[in-house]
file start.cif (mmCIF, C-alpha atoms)
data_upload
loop_
_atom_site.label_atom_id
_atom_site.label_comp_id
_atom_site.auth_asym_id
_atom_site.auth_seq_id
_atom_site.Cartn_x
_atom_site.Cartn_y
_atom_site.Cartn_z
CA MET W 1 -3.26 -2.74 -14.90
CA HIS W 2 -5.06 -2.09 -18.18
CA ASN W 3 -3.33 0.43 -20.38
CA PHE W 4 -4.60 4.01 -20.68
CA GLU W 5 -3.52 7.33 -22.05
CA LEU W 6 -1.96 9.73 -19.54
CA VAL W 7 -2.42 13.44 -20.12
CA LYS W 8 -0.83 16.08 -17.93
CA PRO W 9 -2.38 19.53 -18.34
CA SER W 10 -0.87 22.58 -16.67
CA THR W 11 -4.10 24.51 -16.04
CA VAL W 12 -7.42 23.64 -14.41
CA GLN W 13 -9.19 24.71 -17.60
CA ASP W 14 -7.21 22.20 -19.70
CA ALA W 15 -7.79 19.48 -17.11
CA VAL W 16 -11.55 20.07 -17.21
CA ALA W 17 -11.46 19.85 -21.00
CA ALA W 18 -9.45 16.61 -20.87
CA LEU W 19 -11.85 15.10 -18.34
CA ALA W 20 -14.70 15.53 -20.83
CA ALA W 21 -13.25 12.64 -22.87
CA GLU W 22 -15.03 9.29 -22.77
CA GLY W 23 -13.66 7.10 -19.92
CA ALA W 24 -11.49 9.88 -18.48
CA GLN W 25 -10.68 10.09 -14.80
CA ALA W 26 -8.65 12.53 -12.71
CA LEU W 27 -5.38 11.33 -11.15
CA SER W 28 -3.91 13.25 -8.26
CA GLY W 29 -1.20 11.62 -6.13
CA GLY W 30 -2.42 8.19 -7.20
CA GLN W 31 -1.74 6.51 -3.85
CA THR W 32 -5.23 4.98 -3.86
CA LEU W 33 -6.19 5.11 -7.52
CA LEU W 34 -3.12 3.32 -8.90
CA PRO W 35 -3.38 0.38 -6.45
CA SER W 36 -7.12 0.20 -7.31
CA MET W 37 -6.27 0.07 -11.01
CA LYS W 38 -3.72 -2.70 -10.40
CA GLN W 39 -6.55 -4.68 -8.80
CA ARG W 40 -8.73 -3.83 -11.81
CA LEU W 41 -11.24 -2.08 -9.58
CA ALA W 42 -10.89 0.88 -11.91
CA ALA W 43 -9.91 0.89 -15.58
CA PRO W 44 -10.10 4.40 -17.05
CA ASP W 45 -9.26 4.97 -20.71
CA VAL W 46 -7.66 8.32 -20.00
CA LEU W 47 -6.01 9.51 -16.81
CA VAL W 48 -5.78 13.25 -16.38
CA SER W 49 -2.90 14.01 -14.05
CA LEU W 50 -3.48 17.02 -11.81
CA THR W 51 0.11 17.09 -10.51
CA GLY W 52 1.32 19.56 -13.13
CA ILE W 53 -1.17 22.31 -12.25
CA ALA W 54 0.75 24.91 -10.24
CA GLU W 55 -2.39 26.87 -9.26
CA MET W 56 -3.69 23.79 -7.41
CA ARG W 57 -0.67 23.46 -5.13
CA GLY W 58 0.23 25.25 -1.93
CA ILE W 59 -1.23 26.79 1.17
CA CYS W 60 -2.25 30.36 1.87
CA LEU W 61 -3.97 32.16 4.69
CA SER W 62 -7.03 34.22 3.72
CA ASP W 63 -9.74 35.98 5.70
CA ARG W 64 -11.88 32.85 5.26
CA GLY W 65 -9.27 30.54 6.75
CA LEU W 66 -6.49 28.35 5.48
CA ALA W 67 -6.85 27.71 1.74
CA ILE W 68 -5.09 24.54 0.61
CA GLY W 69 -4.74 23.68 -3.08
CA GLY W 70 -6.35 20.40 -4.08
CA ALA W 71 -3.08 18.95 -5.38
CA THR W 72 -1.13 19.81 -2.23
CA THR W 73 0.57 16.75 -0.74
CA HIS W 74 0.15 15.48 2.80
CA ALA W 75 3.86 16.17 3.39
CA THR W 76 3.45 19.83 2.43
CA ILE W 77 0.38 20.23 4.63
CA ALA W 78 2.21 18.54 7.52
CA THR W 79 4.92 21.20 7.41
CA GLU W 80 3.34 24.35 5.97
CA ALA W 81 -0.02 24.22 7.78
CA ARG W 82 1.59 23.70 11.19
CA ALA W 83 1.92 27.37 12.09
CA HIS W 84 -1.72 28.10 11.16
CA TYR W 85 -3.68 24.95 11.95
CA PRO W 86 -1.54 22.53 13.97
CA ALA W 87 -4.23 19.85 14.36
CA LEU W 88 -4.65 19.64 10.59
CA ALA W 89 -0.87 19.46 10.09
CA ASP W 90 -0.70 16.75 12.73
CA GLN W 91 -3.38 14.75 10.97
CA ALA W 92 -1.54 15.06 7.64
CA SER W 93 1.74 14.00 9.25
CA HIS W 94 0.27 10.63 10.26
CA ILE W 95 -1.40 9.61 6.99
CA GLY W 96 0.17 6.52 5.43
CA ASP W 97 3.96 6.72 5.61
CA PRO W 98 6.55 9.32 4.53
CA ALA W 99 6.78 8.11 0.92
CA VAL W 100 2.99 8.03 0.55
CA ARG W 101 2.76 11.53 2.05
CA ASN W 102 5.11 12.84 -0.63
CA ARG W 103 2.61 11.86 -3.37
CA GLY W 104 -0.87 11.68 -1.88
CA THR W 105 -2.96 14.86 -1.97
CA ILE W 106 -5.81 16.35 0.02
CA GLY W 107 -8.00 16.81 -3.06
CA GLY W 108 -7.52 13.19 -4.07
CA SER W 109 -8.42 11.98 -0.61
CA LEU W 110 -11.54 14.13 -0.34
CA ALA W 111 -12.69 13.21 -3.86
CA ASN W 112 -12.34 9.51 -3.06
CA ASN W 113 -14.01 9.83 0.39
CA ASP W 114 -12.76 6.51 1.68
CA PRO W 115 -14.76 5.74 4.85
CA SER W 116 -11.48 5.29 6.75
CA ALA W 117 -9.53 8.23 5.31
CA CYS W 118 -8.37 10.94 7.71
CA TYR W 119 -9.05 14.24 5.88
CA PRO W 120 -12.85 13.91 5.64
CA SER W 121 -12.96 14.23 9.44
CA ALA W 122 -10.88 17.44 9.39
CA ALA W 123 -12.99 18.93 6.61
CA LEU W 124 -16.28 18.09 8.31
CA ALA W 125 -15.17 19.09 11.83
CA SER W 126 -13.82 22.39 10.50
CA GLY W 127 -16.90 23.19 8.44
CA ALA W 128 -14.53 23.50 5.50
CA THR W 129 -15.54 24.69 2.06
CA ILE W 130 -14.71 22.41 -0.87
CA VAL W 131 -13.90 24.65 -3.84
CA THR W 132 -14.20 23.11 -7.30
CA ASN W 133 -13.79 24.38 -10.83
CA GLN W 134 -17.56 24.99 -10.82
CA ARG W 135 -18.69 26.00 -7.33
CA GLU W 136 -18.17 25.99 -3.58
CA ILE W 137 -19.61 23.13 -1.52
CA ALA W 138 -19.99 23.19 2.28
CA ALA W 139 -18.46 20.12 3.94
CA ASP W 140 -21.87 19.39 5.51
CA ASP W 141 -23.31 18.93 2.00
CA TYR W 142 -20.23 17.38 0.42
CA PHE W 143 -19.89 13.97 2.10
CA GLN W 144 -22.72 11.71 0.97
CA GLY W 145 -21.74 8.26 2.20
CA MET W 146 -18.96 5.77 1.61
CA PHE W 147 -16.96 6.73 -1.53
CA THR W 148 -19.76 9.14 -2.46
CA THR W 149 -19.53 12.92 -2.64
CA ALA W 150 -21.40 15.87 -4.09
CA LEU W 151 -18.88 16.08 -6.96
CA ASP W 152 -20.26 15.75 -10.47
CA GLU W 153 -18.51 13.84 -13.25
CA GLY W 154 -15.41 15.70 -14.30
CA GLU W 155 -15.57 18.18 -11.41
CA ILE W 156 -12.19 18.92 -9.82
CA ILE W 157 -11.45 20.01 -6.24
CA THR W 158 -9.20 23.01 -6.81
CA SER W 159 -8.85 23.97 -3.15
CA VAL W 160 -10.25 23.46 0.34
CA ILE W 161 -10.77 26.34 2.78
CA PHE W 162 -10.49 25.48 6.47
CA PRO W 163 -11.79 28.05 8.99
CA ILE W 164 -9.23 28.05 11.80
CA PRO W 165 -10.60 26.92 15.17
CA GLU W 166 -9.70 28.17 18.64
CA LYS W 167 -8.66 24.65 19.59
CA ALA W 168 -8.66 21.33 17.76
CA ALA W 169 -7.17 17.86 17.80
CA TYR W 170 -7.39 14.66 15.81
CA VAL W 171 -6.90 11.28 17.43
CA LYS W 172 -6.61 8.20 15.26
CA PHE W 173 -6.69 4.58 16.30
CA ALA W 174 -4.70 3.28 13.35
CA GLN W 175 -5.31 -0.11 11.82
CA PRO W 176 -1.68 -1.24 12.04
CA ALA W 177 -1.39 -2.96 8.67
CA SER W 178 -3.06 -0.36 6.44
CA ARG W 179 -2.39 2.70 8.66
CA PHE W 180 -5.92 3.86 7.84
CA ALA W 181 -8.12 4.92 10.74
CA LEU W 182 -9.91 2.05 12.44
CA VAL W 183 -11.63 5.02 14.03
CA GLY W 184 -10.48 8.64 13.94
CA VAL W 185 -12.10 11.61 15.68
CA PHE W 186 -11.51 15.28 14.86
CA VAL W 187 -12.74 17.77 17.43
CA ALA W 188 -12.69 21.51 16.61
CA LYS W 189 -13.84 24.34 18.89
CA TYR W 190 -15.11 27.51 17.21
CA PRO W 191 -16.72 30.59 18.78
CA GLN W 192 -20.07 29.33 17.36
CA GLY W 193 -19.67 25.90 18.99
CA VAL W 194 -17.80 22.62 18.90
CA ARG W 195 -17.83 20.26 15.92
CA VAL W 196 -16.98 16.56 16.20
CA ALA W 197 -16.40 14.47 13.07
CA VAL W 198 -15.80 10.75 13.08
CA THR W 199 -14.12 8.72 10.35
CA GLY W 200 -13.48 4.98 10.01
CA ALA W 201 -16.47 3.99 12.10
CA SER W 202 -19.70 4.28 10.13
CA GLU W 203 -21.00 2.40 7.11
CA GLU W 204 -22.22 5.82 5.94
CA GLY W 205 -18.68 7.26 5.97
CA VAL W 206 -17.62 10.33 7.93
CA PHE W 207 -20.30 11.74 10.25
CA ARG W 208 -20.83 14.39 12.94
CA TRP W 209 -21.61 13.25 16.46
CA ALA W 210 -24.31 15.76 17.35
CA GLU W 211 -24.81 14.78 21.02
CA ALA W 212 -21.11 15.21 21.75
CA GLU W 213 -21.07 18.55 19.94
CA ALA W 214 -23.91 19.83 22.12
CA ALA W 215 -22.30 18.59 25.33
CA LEU W 216 -18.87 19.93 24.44
CA SER W 217 -20.22 23.29 23.31
CA SER W 218 -21.40 23.98 26.87
CA ASN W 219 -18.47 22.26 28.61
CA PHE W 220 -15.33 21.62 26.56
CA SER W 221 -13.90 18.79 28.63
CA ALA W 222 -13.79 15.01 28.32
CA THR W 223 -16.04 14.70 31.37
CA ALA W 224 -18.85 16.34 29.37
CA LEU W 225 -19.07 13.07 27.40
CA GLU W 226 -19.95 10.98 30.46
CA GLY W 227 -23.39 9.48 30.03
CA LEU W 228 -23.30 9.77 26.23
CA SER W 229 -23.07 6.70 24.06
CA VAL W 230 -22.79 6.00 20.37
CA PRO W 231 -25.19 3.41 18.94
CA ALA W 232 -23.44 0.36 17.48
CA GLU W 233 -26.11 0.18 14.78
CA GLY W 234 -24.64 1.29 11.42
CA MET W 235 -21.02 0.93 12.52
CA ILE W 236 -18.53 -0.94 10.31
CA ALA W 237 -17.76 -4.48 11.43
CA ASP W 238 -14.74 -6.37 10.06
CA LEU W 239 -12.02 -8.65 11.37
CA HIS W 240 -10.26 -5.67 12.96
CA GLY W 241 -13.17 -4.58 15.11
CA SER W 242 -16.86 -5.23 15.75
CA LYS W 243 -19.65 -2.62 15.63
CA ASP W 244 -19.64 -2.38 19.43
CA TYR W 245 -15.88 -1.95 19.51
CA ARG W 246 -15.97 0.87 16.99
CA ALA W 247 -18.84 2.57 18.80
CA ALA W 248 -16.85 2.41 22.04
CA LEU W 249 -13.77 3.78 20.30
CA VAL W 250 -15.72 6.79 19.02
CA LYS W 251 -16.45 7.91 22.57
CA VAL W 252 -12.98 7.13 23.93
CA LEU W 253 -11.19 8.90 21.09
CA THR W 254 -13.51 11.91 21.28
CA GLY W 255 -12.54 12.30 24.93
CA ARG W 256 -8.86 11.99 24.08
CA ALA W 257 -9.17 14.53 21.31
CA VAL W 258 -10.86 17.03 23.63
CA THR W 259 -8.08 16.55 26.19
CA ALA W 260 -5.40 16.92 23.51
CA ALA W 261 -6.95 20.05 21.94
CA MET M 1 5.97 7.63 -25.58
CA LYS M 2 9.65 8.24 -24.91
CA VAL M 3 10.26 9.52 -21.38
CA THR M 4 13.46 11.16 -20.19
CA MET M 5 14.53 11.71 -16.59
CA THR M 6 17.75 12.60 -14.87
CA VAL M 7 18.61 9.38 -13.10
CA ASN M 8 21.55 9.46 -10.69
CA GLY M 9 22.79 12.60 -12.42
CA LYS M 10 22.55 11.37 -16.03
CA ALA M 11 19.78 12.02 -18.57
CA MET M 12 18.24 8.65 -19.38
CA SER M 13 15.35 7.73 -21.69
CA ALA M 14 13.13 4.76 -22.36
CA GLU M 15 9.89 4.01 -24.18
CA THR M 16 6.80 3.92 -21.96
CA GLU M 17 3.08 3.24 -22.07
CA GLY M 18 0.62 5.27 -20.02
CA ARG M 19 0.56 2.51 -17.43
CA THR M 20 4.35 2.16 -17.13
CA LEU M 21 5.25 2.57 -13.46
CA LEU M 22 8.36 4.41 -12.39
CA SER M 23 9.63 1.10 -10.96
CA SER M 24 9.21 -0.59 -14.39
CA PHE M 25 10.80 2.38 -16.16
CA LEU M 26 13.87 2.04 -13.94
CA ARG M 27 14.09 -1.75 -13.93
CA ASP M 28 12.88 -2.77 -17.38
CA GLY M 29 13.47 0.43 -19.33
CA LEU M 30 16.86 1.41 -17.94
CA GLY M 31 18.08 -1.92 -16.53
CA LEU M 32 18.52 -0.41 -13.06
CA THR M 33 17.35 -3.45 -11.13
CA GLY M 34 18.61 -2.28 -7.76
CA THR M 35 15.15 -0.83 -7.13
CA HIS M 36 13.14 -3.82 -5.95
CA VAL M 37 9.43 -4.45 -6.33
CA GLY M 38 8.20 -6.33 -3.30
CA CYS M 39 4.47 -6.05 -2.76
CA ASP M 40 3.50 -3.87 -5.75
CA THR M 41 0.70 -2.50 -3.53
CA THR M 42 2.33 0.63 -1.99
CA GLN M 43 2.94 -1.06 1.33
CA CYS M 44 6.40 -2.61 1.58
CA GLY M 45 8.70 0.22 0.49
CA ALA M 46 11.29 -1.96 -1.29
CA CYS M 47 10.80 0.26 -4.37
CA VAL M 48 11.47 3.61 -2.66
CA VAL M 49 13.49 6.03 -4.79
CA HIS M 50 13.91 9.80 -4.55
CA VAL M 51 12.01 11.99 -7.01
CA ASP M 52 13.17 15.61 -6.90
CA GLY M 53 14.79 14.85 -3.57
CA LYS M 54 11.79 13.23 -1.90
CA PRO M 55 11.26 9.52 -1.22
CA VAL M 56 8.33 7.95 -3.08
CA LYS M 57 7.15 4.42 -3.75
CA SER M 58 8.12 3.95 -7.38
CA CYS M 59 5.56 1.16 -7.88
CA THR M 60 2.83 3.76 -7.31
CA VAL M 61 4.05 6.58 -9.53
CA LEU M 62 3.51 6.66 -13.29
CA ALA M 63 6.71 7.17 -15.29
CA GLN M 64 5.06 9.66 -17.64
CA ASP M 65 3.77 11.65 -14.66
CA VAL M 66 7.33 12.33 -13.45
CA ALA M 67 8.94 12.84 -16.87
CA GLY M 68 11.82 15.30 -16.55
CA ALA M 69 12.27 14.70 -12.82
CA GLU M 70 15.54 14.21 -10.95
CA VAL M 71 15.52 10.61 -9.76
CA ARG M 72 17.98 8.96 -7.42
CA THR M 73 18.08 5.20 -6.98
CA ILE M 74 20.20 2.83 -4.91
CA GLU M 75 22.65 2.70 -7.84
CA GLY M 76 23.37 6.37 -7.20
CA MET M 77 24.12 5.99 -3.50
CA ALA M 78 27.74 4.75 -3.46
CA ASN M 79 30.62 7.21 -3.38
CA LYS M 80 32.23 8.23 -6.68
CA ASP M 81 35.20 5.89 -6.08
CA GLY M 82 32.80 2.97 -5.73
CA SER M 83 33.10 2.67 -1.95
CA LEU M 84 29.91 2.43 0.06
CA SER M 85 28.24 5.61 1.31
CA VAL M 86 28.07 6.20 5.05
CA ILE M 87 24.53 4.81 5.26
CA GLN M 88 25.31 1.72 3.17
CA GLN M 89 28.47 1.05 5.20
CA ALA M 90 26.49 1.39 8.42
CA PHE M 91 23.99 -1.20 7.18
CA GLN M 92 26.90 -3.57 6.52
CA ASP M 93 28.67 -2.82 9.83
CA HIS M 94 25.54 -3.29 11.91
CA HIS M 95 24.13 -6.24 9.97
CA GLY M 96 21.12 -4.19 8.95
CA LEU M 97 20.14 -6.76 6.35
CA GLN M 98 19.77 -10.48 6.03
CA CYS M 99 18.21 -11.45 2.71
CA GLY M 100 18.73 -7.90 1.46
CA PHE M 101 15.53 -7.59 -0.54
CA CYS M 102 14.20 -4.59 1.38
CA THR M 103 17.63 -2.95 1.64
CA PRO M 104 17.47 -0.62 -1.40
CA GLY M 105 14.25 0.93 -0.10
CA MET M 106 15.54 1.02 3.47
CA VAL M 107 18.69 2.84 2.38
CA MET M 108 16.76 5.35 0.24
CA SER M 109 14.27 6.08 3.05
CA SER M 110 17.07 6.34 5.61
CA ALA M 111 18.97 8.76 3.39
CA ALA M 112 15.85 10.90 3.04
CA LEU M 113 15.34 10.87 6.80
CA LEU M 114 18.92 11.94 7.53
CA ALA M 115 18.69 14.70 4.93
CA GLU M 116 15.57 16.06 6.69
CA ASN M 117 16.63 15.30 10.24
CA PRO M 118 20.41 14.65 10.64
CA THR M 119 20.21 13.41 14.25
CA PRO M 120 16.91 11.59 14.65
CA THR M 121 15.90 9.81 17.83
CA GLU M 122 15.34 6.08 17.73
CA ALA M 123 11.58 6.70 17.78
CA GLU M 124 11.89 9.07 14.81
CA VAL M 125 13.87 6.47 12.86
CA ARG M 126 11.25 3.83 13.54
CA ALA M 127 8.41 6.20 12.62
CA TYR M 128 10.10 7.28 9.38
CA LEU M 129 10.69 3.67 8.33
CA GLU M 130 7.04 2.77 8.96
CA GLY M 131 6.47 2.29 5.24
CA ASN M 132 9.51 0.04 4.73
CA ILE M 133 8.86 -3.55 5.64
CA CYS M 134 11.64 -6.02 6.50
CA ARG M 135 10.70 -9.62 7.17
CA CYS M 136 14.18 -10.74 8.30
CA THR M 137 15.83 -8.43 10.78
CA GLY M 138 13.12 -7.40 13.20
CA TYR M 139 14.32 -3.84 12.47
CA HIS M 140 16.73 -3.56 15.43
CA ASN M 141 19.88 -3.66 13.33
CA ILE M 142 18.39 -1.39 10.70
CA VAL M 143 17.63 1.19 13.37
CA LYS M 144 21.14 0.75 14.77
CA ALA M 145 22.61 1.30 11.31
CA VAL M 146 20.64 4.51 10.78
CA MET M 147 21.59 5.80 14.23
CA ALA M 148 25.23 4.99 13.52
CA ALA M 149 25.08 6.67 10.11
CA SER M 150 23.77 9.79 11.86
CA GLY M 151 26.89 9.79 14.02
CA GLN M 152 24.98 8.74 17.11
CA GLY M 153 26.27 5.78 19.07
CA GLU M 154 24.40 2.73 20.20
CA GLN M 155 24.02 4.26 23.66
CA GLN M 156 21.17 6.26 22.09
CA LEU M 157 19.20 3.06 21.62
CA ALA M 158 16.74 1.64 24.09
CA ALA M 159 17.60 -1.76 25.51
CA GLU M 160 16.37 -4.54 23.26
#
call {"tool": "encode", "arguments": {"input": "start.cif", "output": "structure tokens"}}
result
Amino acid sequence: MHNFELVKPSTVQDAVAALAAEGAQALSGGQTLLPSMKQRLAAPDVLVSLTGIAEMRGICLSDRGLAIGGATTHATIATEARAHYPALADQASHIGDPAVRNRGTIGGSLANNDPSACYPSAALASGATIVTNQREIAADDYFQGMFTTALDEGEIITSVIFPIPEKAAYVKFAQPASRFALVGVFVAKYPQGVRVAVTGASEEGVFRWAEAEAALSSNFSATALEGLSVPAEGMIADLHGSKDYRAALVKVLTGRAVTAA
Amino acid sequence: MKVTMTVNGKAMSAETEGRTLLSSFLRDGLGLTGTHVGCDTTQCGACVVHVDGKPVKSCTVLAQDVAGAEVRTIEGMANKDGSLSVIQQAFQDHHGLQCGFCTPGMVMSSAALLAENPTPTEAEVRAYLEGNICRCTGYHNIVKAVMAASGQGEQQLAAE
């Protein structure tokens, strides 16, 4: 890993100021960024640690839903979100492994937008709001393809607000070596309708499966998916699974998620 | 930059660069080489230590980012009289190691599990140790050791 300067501000304001430096990058839990830097896929001159900012940690219930600080770890979400949004807590409790969950954060994961990460599916299926130091971004506008988001340079996710659904579930088919989702489907039922978000499958990153949403909104049962199919075109293909296999998994896992919700 | 942490109950300091990992701080800075670096890619868990009571992979934490923290390593696991702790003794009794390279991380993760969940099921032990890779034992004896350390007998284990 190339050397860099680490700075650890205690307020969002100071972090934003530090990120204005040439070659500066934000560091949250570091469970993706530090391995990437070891592989020299990233070589920032300055890393701005967000782990010392108390206002970015923790979970609280508001009239808009469950607000989760950007620097809140997966382990904290797995325990503290359980009473309010069990499907989200369940998703968090199966990311990586226990040691990774004690460092990795929801803001870091959403800012990175790995096409196989779990949280993008929860955020998109919940119609979450991504709150930054500058503005609020709807999840539907936030995810813009593999490793691409609506965030500007130096913009920090300070919190994420999840409207709480009537029912929801996340089902992941884990790639056994990396524990990332080979395919993961988050289904969430709201009074306005059902939202289905799929991670791990598409070359465009997380996406909503509109046909399934329409079918499930009128009949929330796995049988409503009969007759639907997901096109293999645009799916990820690698040694773990072909395009057709991933497309098939999307439908199977959506059905399982509906049954589990 | 000089970084100080409380390691196994004592304040300890070493010089660091921005890129110094917690694993390097412990091994190279403090000479505590019980923490092993296996894969250096956040996968194998040989480097697990406790930071403020929680297990983390020390190869994927920057030393400067956890300056001032309470850190516990395998060197801090034995009893004060030098005898092995219950978990360490259980690993020995149940042959929970062969080459021993993964053992420091296994013991630290197991200790964290038993602190959170004093009587885990076999499935919970296996799930908690998902991020600790052992290439020798096939895990059976490690799981047995953790079950024994929790005071649960081998009758709790599924047939092999």
call {"tool": "closest_residue", "arguments": {"input": "start.cif", "among": "M:Arg19, M:Ser83, M:Met147, M:Gly68", "to": "Asn117 (chain M)", "atoms": "all atoms listed in the file"}}
result
M:Met147
call {"tool": "atom_distance", "arguments": {"input": "start.cif", "atom1": "CA of Thr199 (chain W)", "atom2": "CA of Leu182 (chain W)"}}
result
8.2 Å
call {"tool": "residues_near_point", "arguments": {"input": "start.cif", "point": "(10.5, 12.4, -11.3)", "cutoff": "7 Å", "atoms": "only C-alpha atoms", "output": "VMD selection string"}}
result
chain M and resid 5 51 to 52 66 to 71
call {"tool": "resolve_selection", "arguments": {"input": "start.cif", "expression": "the PyMOL selection byres ((chain W and resi 258) around 8)", "output": "ChimeraX atom specification"}}
result
/W:168-169,187,220-222,254-257,259-261
call {"tool": "resolve_selection", "arguments": {"input": "start.cif", "expression": "the PyMOL selection byres ((chain W and resi 78) around 12)", "output": "VMD selection string"}}
result
chain W and resid 58 to 59 68 72 to 77 79 to 95 98 101 to 102 105 to 106
call {"tool": "interface_residues", "arguments": {"input": "start.cif", "of": "chain M", "to": "chain W", "cutoff": "7 Å", "atoms": "only C-alpha atoms", "output": "list in words"}}
result
Gly18, Arg19, Thr41, Lys54, Pro55, Val56, Lys57, Thr60, Tyr128, Glu130 and Gly131 of chain M
call {"tool": "residues_near_point", "arguments": {"input": "start.cif", "point": "(9.0, 0.6, 3.8)", "cutoff": "9 Å", "atoms": "only C-alpha atoms", "output": "compact mmCIF listing (two decimals) with C-alpha atoms, keeping the file's coordinate frame"}}
result
# COMPACT_ATOMS: atom_id res chain seq x y z
CA ASP W 97 3.96 6.72 5.61
CA ALA W 99 6.78 8.11 0.92
CA THR M 42 2.33 0.63 -1.99
CA GLN M 43 2.94 -1.06 1.33
CA CYS M 44 6.40 -2.61 1.58
CA GLY M 45 8.70 0.22 0.49
CA ALA M 46 11.29 -1.96 -1.29
CA CYS M 47 10.80 0.26 -4.37
CA VAL M 48 11.47 3.61 -2.66
CA LYS M 57 7.15 4.42 -3.75
CA CYS M 102 14.20 -4.59 1.38
CA GLY M 105 14.25 0.93 -0.10
CA MET M 106 15.54 1.02 3.47
CA SER M 109 14.27 6.08 3.05
CA TYR M 128 10.10 7.28 9.38
CA LEU M 129 10.69 3.67 8.33
CA GLU M 130 7.04 2.77 8.96
CA GLY M 131 6.47 2.29 5.24
CA ASN M 132 9.51 0.04 4.73
CA ILE M 133 8.86 -3.55 5.64
CA CYS M 134 11.64 -6.02 6.50
call {"tool": "resolve_selection", "arguments": {"input": "start.cif", "expression": "the PyMOL selection byres ((chain M and resi 151) around 12)", "output": "PyMOL selection string"}}
result
chain M and resi 86-87+90+114+118-121+144-150+152-156
call {"tool": "write_last_selection", "arguments": {"input": "start.cif", "atoms": "C-alpha atoms", "output": "short mmCIF file (atom, residue, chain, number, x, y, z; two decimals), in the frame of the given file"}}
result
data_model
loop_
_atom_site.label_atom_id
_atom_site.label_comp_id
_atom_site.auth_asym_id
_atom_site.auth_seq_id
_atom_site.Cartn_x
_atom_site.Cartn_y
_atom_site.Cartn_z
CA VAL M 86 28.07 6.20 5.05
CA ILE M 87 24.53 4.81 5.26
CA ALA M 90 26.49 1.39 8.42
CA LEU M 114 18.92 11.94 7.53
CA PRO M 118 20.41 14.65 10.64
CA THR M 119 20.21 13.41 14.25
CA PRO M 120 16.91 11.59 14.65
CA THR M 121 15.90 9.81 17.83
CA LYS M 144 21.14 0.75 14.77
CA ALA M 145 22.61 1.30 11.31
CA VAL M 146 20.64 4.51 10.78
CA MET M 147 21.59 5.80 14.23
CA ALA M 148 25.23 4.99 13.52
CA ALA M 149 25.08 6.67 10.11
CA SER M 150 23.77 9.79 11.86
CA GLN M 152 24.98 8.74 17.11
CA GLY M 153 26.27 5.78 19.07
CA GLU M 154 24.40 2.73 20.20
CA GLN M 155 24.02 4.26 23.66
CA GLN M 156 21.17 6.26 22.09
#
call {"tool": "residues_around", "arguments": {"input": "start.cif", "residues": "region 20-32 of chain M", "least_positions_apart": "5", "cutoff": "9 Å", "atoms": "all atoms listed in the file", "output": "mmCIF file with C-alpha atoms, in the frame of the given file"}}
result
data_model
loop_
_atom_site.group_PDB
_atom_site.id
_atom_site.type_symbol
_atom_site.label_atom_id
_atom_site.label_comp_id
_atom_site.auth_asym_id
_atom_site.auth_seq_id
_atom_site.Cartn_x
_atom_site.Cartn_y
_atom_site.Cartn_z
ATOM 1 C CA ASN W 3 -3.330 0.430 -20.380
ATOM 2 C CA VAL M 3 10.260 9.520 -21.380
ATOM 3 C CA VAL M 7 18.610 9.380 -13.100
ATOM 4 C CA MET M 12 18.240 8.650 -19.380
ATOM 5 C CA SER M 13 15.350 7.730 -21.690
ATOM 6 C CA ALA M 14 13.130 4.760 -22.360
ATOM 7 C CA GLU M 15 9.890 4.010 -24.180
ATOM 8 C CA VAL M 37 9.430 -4.450 -6.330
ATOM 9 C CA CYS M 47 10.800 0.260 -4.370
ATOM 10 C CA VAL M 48 11.470 3.610 -2.660
ATOM 11 C CA VAL M 49 13.490 6.030 -4.790
ATOM 12 C CA LYS M 57 7.150 4.420 -3.750
ATOM 13 C CA SER M 58 8.120 3.950 -7.380
ATOM 14 C CA CYS M 59 5.560 1.160 -7.880
ATOM 15 C CA THR M 60 2.830 3.760 -7.310
ATOM 16 C CA VAL M 61 4.050 6.580 -9.530
ATOM 17 C CA LEU M 62 3.510 6.660 -13.290
ATOM 18 C CA ALA M 63 6.710 7.170 -15.290
ATOM 19 C CA GLN M 64 5.060 9.660 -17.640
ATOM 20 C CA ASP M 65 3.770 11.650 -14.660
ATOM 21 C CA VAL M 66 7.330 12.330 -13.450
ATOM 22 C CA THR M 73 18.080 5.200 -6.980
ATOM 23 C CA ILE M 74 20.200 2.830 -4.910
ATOM 24 C CA GLU M 75 22.650 2.700 -7.840
#
call {"tool": "closest_residue", "arguments": {"input": "start.cif", "among": "W:Lys251, W:Trp209, W:Met56, W:Arg64", "to": "Val12 (chain W)", "atoms": "all atoms listed in the file"}}
result
W:Met56
call {"tool": "closest_residue", "arguments": {"input": "start.cif", "among": "M:Val107, M:Val143, M:Asn79, M:Phe101", "to": "Glu124 (chain M)", "atoms": "all atoms listed in the file"}}
result
M:Val143
call {"tool": "closest_residue", "arguments": {"input": "start.cif", "among": "M:Gly76, M:Gly82, M:Gly96, M:Gly53", "to": "Gly34 (chain M)", "atoms": "only C-alpha atoms"}}
result
M:Gly76
call {"tool": "atom_distance", "arguments": {"input": "start.cif", "atom1": "CA of Arg246 (chain W)", "atom2": "CA of Val230 (chain W)"}}
result
9.2 Å
call {"tool": "atom_distance", "arguments": {"input": "start.cif", "atom1": "CA of Gly69 (chain W)", "atom2": "CA of Glu55 (chain W)"}}
result
7.3 Å
call {"tool": "residues_around", "arguments": {"input": "start.cif", "residues": "Ala214 (chain W)", "least_positions_apart": "4", "cutoff": "8 Å", "atoms": "only C-alpha atoms", "output": "tab-separated table (two decimals) with C-alpha atoms, in the coordinates of the input"}}
result
chain	number	residue	atom	x	y	z
W	194	VAL	CA	-17.80	22.62	18.90
W	210	ALA	CA	-24.31	15.76	17.35
W	218	SER	CA	-21.40	23.98	26.87
